[in-house]
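Take a look at the structure set out below.
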Amino acid sequence: MSTLLKNIIRFILFILFQKFILNEVPPLHQFIIPYIYFLFILWLPFTINRLFLLFIAFVFGLTLDYFTGTPGLHAAPCVLIAYIRPFLLNLLIPQETAEQSYVEPSHTSMGWAPYGVYVGILTFIHHFYLVLIEWLQFGNFFYFIGKVAATSAISLLMIFIAEILFTRNAKFRTNK
Amino acid sequence: MKNIFLFIQRYFTFFSFLLLQVFAIILLSSSSKTHQSFLASGANEVTGVINHQYSGLRNYFNLKETNRQLAEENARLRNQLADNFLIVDKSKKIFVDSLIRDSLGRYRKYTYLPAKVIGNTVTLQTNFLFVERGTNQGAKKGMAVYGPEGIVGVVVEVGPNISKVMSLLHRNSKVSAMLKKDNNSGSIEWDGADPSYLTLKNITKSAKVSKGDTVVTSTYSANFPSRLMVGTVAEISSESASNFYTLKIKTATNFFSIQYVYLIENVRYSEQVQLETNPTKNQ
């Protein structure tokens, strides 16, 4: 399956899963809304053009926004993590080995520890920014912090489960 | 000039990032104010179709909740109907206070209290009636219940304004009854089959029973006054192994259409029941 087709399918599945399953989960607590959809952006290939990456992230976030009826709310954090993603990847992976040999970020291509840091930081940034613009009034500081922490924790747990459940076979890049 | 272009070219990604961010924030702030945002109508067409399909699926899971809400709403609306407000019958005082002892020195034994039937079943094995008269209006546990045509049952539970009556059509119901013709007594029970027929057991075979004979309450009953109508004999079956007839009794009361009943209080009910139930000592 080509990378393009795979990512188009992922796009649709992540949007539908987020909208119709995770957003429908009856709230366990006022802090907890599980988010997993942005994993799509984290899983995009290494070699993607940075400008194109920003644009994809914007469209992806906006698609979810039109389902939830809040245009811009998810698009902004998606663009932010898409912008930060290349810097983080440059820091975390040894230049000459992984980036050259694997197609996309995963725990097999990067190793568990760098990949965990990569997912953890971007998840936290995404949630921080999302909750920040969602509760722009910033009235109750502990509410804000608690919501960011709880949502990040539950999302990381779900991402970890997703990684274990769906083992992506880490493809080597070929010269095609 | 060249430097400016170089600068823009160098930070083009950053600028596009900022542009998209600002665009997203503008979308968000404008949409929350006006609900008229860029691309919204076209996008809502697409998401609307998908959301519609999904809500059609999800409706099935919400049916229980929807049902409960409708039932609650119905109950709330029905509670506002004018029929619900009525004056509960409190006419007991007239019966009791003036006539507990009449001028000839006779004691009153029974008092009759009218009551409206507000609930009734006939199709179960354990049928109960609910009547609108409770402890506040003089109803007591153990009172006999008598309809216009014949006996109905016995009060088993009383609330402040409502009483629960064990119908004759209850598998555990047992009322002492006798043949009007020769006072041979037995007990009325129900076999659970037909709401129109009761069973009269333990009538001795020496009694001369024929179809159509009237059955009335016996003189031995603690809660029922004697000689109240119960029904008529519809079928006589005698087993050769037994000394007793088992009679099928057509009920006088039509349990399907019962509307008003009388609760009958025996003033000496508790005294009689106490003597009947206490075991005899010093034999």
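Each chain in the structure tokens gets a letter, A, B and so on, in the order shown; residues start at 1 in every chain, and ligands are counted from 1 in the order they appear.
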
**Asked** Mind listing as a list in words which residues of chain B are within 6 Å of chain A, counting only C-alpha atoms?
**Response** Thr13, Gln21, Ala24, Ile25, Leu27, Leu28 and Thr47 of chain B

Selected residues, N, CA and C atoms, written as a compact mmCIF listing (two decimals), in the first residue's frame, please.
# COMPACT_ATOMS: atom_id res chain seq x y z
N THR B 13 8.33 29.13 6.18
CA THR B 13 7.58 28.13 6.94
C THR B 13 7.00 28.74 8.21
N GLN B 21 -2.10 29.82 12.05
CA GLN B 21 -2.54 30.00 13.44
C GLN B 21 -3.54 31.13 13.57
N ALA B 24 -6.79 30.21 12.09
CA ALA B 24 -7.57 29.32 12.95
C ALA B 24 -8.22 30.09 14.09
N ILE B 25 -7.44 30.99 14.69
CA ILE B 25 -7.99 31.76 15.82
C ILE B 25 -9.13 32.66 15.35
N LEU B 27 -11.07 32.12 12.79
CA LEU B 27 -12.21 31.23 12.56
C LEU B 27 -12.94 30.95 13.86
N LEU B 28 -12.14 30.60 14.86
CA LEU B 28 -12.73 30.23 16.15
C LEU B 28 -13.49 31.39 16.76
N THR B 47 -20.67 17.14 6.78
CA THR B 47 -20.68 16.55 8.11
C THR B 47 -22.11 16.24 8.55

**Message:** Using only C-alpha atoms, which protein or nucleic acid residues come within 10 Å of range 183-190 of chain B? Drop anything in the same chain fewer than 6 positions from it, and give the result as a PyMOL selection string.
**Reply:** chain B and resi 125+167-177+196-209+215-220+227+230+244-249

Writer output for current selection, N, CA and C atoms, as a compact mmCIF listing (two decimals), in the first residue's frame:
# COMPACT_ATOMS: atom_id res chain seq x y z
N GLN B 125 -52.07 -14.44 38.82
CA GLN B 125 -52.37 -15.45 39.82
C GLN B 125 -52.59 -14.81 41.18
N SER B 167 -57.83 -9.55 46.40
CA SER B 167 -59.05 -9.95 45.71
C SER B 167 -59.37 -11.42 46.01
N LEU B 168 -60.61 -11.80 45.82
CA LEU B 168 -60.94 -13.23 45.91
C LEU B 168 -60.16 -14.00 44.86
N LEU B 169 -59.78 -13.31 43.80
CA LEU B 169 -59.00 -13.94 42.73
C LEU B 169 -57.53 -13.91 43.07
N HIS B 170 -57.18 -14.45 44.20
CA HIS B 170 -55.79 -14.52 44.63
C HIS B 170 -55.58 -15.94 45.12
N ARG B 171 -54.46 -16.53 44.75
CA ARG B 171 -54.26 -17.94 45.06
C ARG B 171 -54.26 -18.19 46.57
N ASN B 172 -53.93 -17.17 47.37
CA ASN B 172 -53.90 -17.38 48.82
C ASN B 172 -55.17 -16.91 49.51
N SER B 173 -56.09 -16.41 48.74
CA SER B 173 -57.32 -15.91 49.34
C SER B 173 -58.15 -17.07 49.90
N LYS B 174 -58.70 -16.85 51.08
CA LYS B 174 -59.50 -17.91 51.72
C LYS B 174 -60.60 -17.24 52.52
N VAL B 175 -61.85 -17.49 52.17
CA VAL B 175 -62.97 -16.87 52.85
C VAL B 175 -63.95 -17.96 53.26
N SER B 176 -64.40 -17.87 54.48
CA SER B 176 -65.35 -18.87 54.96
C SER B 176 -66.73 -18.58 54.36
N ALA B 177 -67.33 -19.60 53.76
CA ALA B 177 -68.63 -19.41 53.09
C ALA B 177 -69.52 -20.60 53.38
N SER B 196 -64.02 -15.80 36.55
CA SER B 196 -65.46 -15.80 36.80
C SER B 196 -65.88 -16.90 37.77
N TYR B 197 -64.99 -17.80 38.08
CA TYR B 197 -65.37 -18.96 38.90
C TYR B 197 -64.45 -19.13 40.09
N LEU B 198 -65.03 -19.39 41.24
CA LEU B 198 -64.27 -19.68 42.45
C LEU B 198 -64.50 -21.15 42.81
N THR B 199 -63.82 -21.61 43.81
CA THR B 199 -63.98 -22.99 44.25
C THR B 199 -64.42 -22.98 45.70
N LEU B 200 -65.45 -23.74 45.99
CA LEU B 200 -65.89 -23.90 47.37
C LEU B 200 -65.54 -25.30 47.82
N LYS B 201 -64.68 -25.40 48.80
CA LYS B 201 -64.18 -26.70 49.23
C LYS B 201 -64.78 -27.06 50.59
N ASN B 202 -64.62 -28.31 50.95
CA ASN B 202 -64.98 -28.81 52.27
C ASN B 202 -66.48 -28.70 52.58
N ILE B 203 -67.32 -28.88 51.59
CA ILE B 203 -68.75 -29.01 51.85
C ILE B 203 -69.03 -30.51 52.01
N THR B 204 -69.59 -30.86 53.11
CA THR B 204 -69.79 -32.27 53.39
C THR B 204 -70.75 -32.90 52.37
N LYS B 205 -70.55 -34.19 52.12
CA LYS B 205 -71.37 -34.85 51.10
C LYS B 205 -72.79 -35.11 51.59
N SER B 206 -72.99 -34.90 52.86
CA SER B 206 -74.36 -35.05 53.35
C SER B 206 -75.24 -33.87 52.97
N ALA B 207 -74.60 -32.79 52.54
CA ALA B 207 -75.39 -31.63 52.12
C ALA B 207 -76.05 -31.91 50.79
N LYS B 208 -77.25 -31.42 50.63
CA LYS B 208 -77.94 -31.63 49.37
C LYS B 208 -77.70 -30.41 48.47
N VAL B 209 -76.73 -30.55 47.62
CA VAL B 209 -76.35 -29.43 46.77
C VAL B 209 -76.93 -29.64 45.38
N VAL B 215 -74.55 -19.29 47.40
CA VAL B 215 -73.51 -19.40 48.41
C VAL B 215 -73.32 -18.03 49.04
N VAL B 216 -73.33 -17.98 50.38
CA VAL B 216 -73.16 -16.71 51.09
C VAL B 216 -72.04 -16.85 52.10
N THR B 217 -71.58 -15.72 52.64
CA THR B 217 -70.53 -15.80 53.65
C THR B 217 -71.07 -16.46 54.91
N SER B 218 -70.20 -17.18 55.57
CA SER B 218 -70.65 -17.98 56.70
C SER B 218 -70.74 -17.14 57.97
N THR B 219 -71.28 -17.70 58.97
CA THR B 219 -71.41 -17.00 60.25
C THR B 219 -70.12 -17.08 61.06
N TYR B 220 -69.13 -17.81 60.54
CA TYR B 220 -67.91 -18.01 61.32
C TYR B 220 -66.82 -17.00 60.99
N ARG B 227 -73.92 -13.96 55.76
CA ARG B 227 -74.96 -13.93 54.73
C ARG B 227 -74.81 -12.80 53.72
N VAL B 230 -72.00 -14.41 47.83
CA VAL B 230 -70.72 -14.79 47.24
C VAL B 230 -70.91 -15.18 45.79
N PHE B 244 -65.93 -34.91 50.88
CA PHE B 244 -66.34 -33.52 50.66
C PHE B 244 -66.58 -33.26 49.18
N TYR B 245 -67.51 -32.39 48.94
CA TYR B 245 -67.73 -31.89 47.58
C TYR B 245 -66.70 -30.80 47.29
N THR B 246 -66.36 -30.66 46.02
CA THR B 246 -65.67 -29.47 45.55
C THR B 246 -66.59 -28.79 44.56
N LEU B 247 -67.05 -27.60 44.94
CA LEU B 247 -68.06 -26.93 44.14
C LEU B 247 -67.42 -25.78 43.35
N LYS B 248 -67.87 -25.66 42.12
CA LYS B 248 -67.43 -24.52 41.32
C LYS B 248 -68.49 -23.44 41.46
N ILE B 249 -68.04 -22.26 41.86
CA ILE B 249 -68.98 -21.19 42.18
C ILE B 249 -68.84 -20.06 41.15

**Asked** Quick one: distance from CA of Met229 in chain B to CA of Val273 in chain B in Å, one decimal?
**Response**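 Straight-line distance from CA of Met229 in chain B to CA of Val273 in chain B works out to 22.6 Å.
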
**Pairwise distance for CA of Asn161 in chain B and CA of Gln137 in chain B, rounded to one decimal in Å** = 7.0 Å
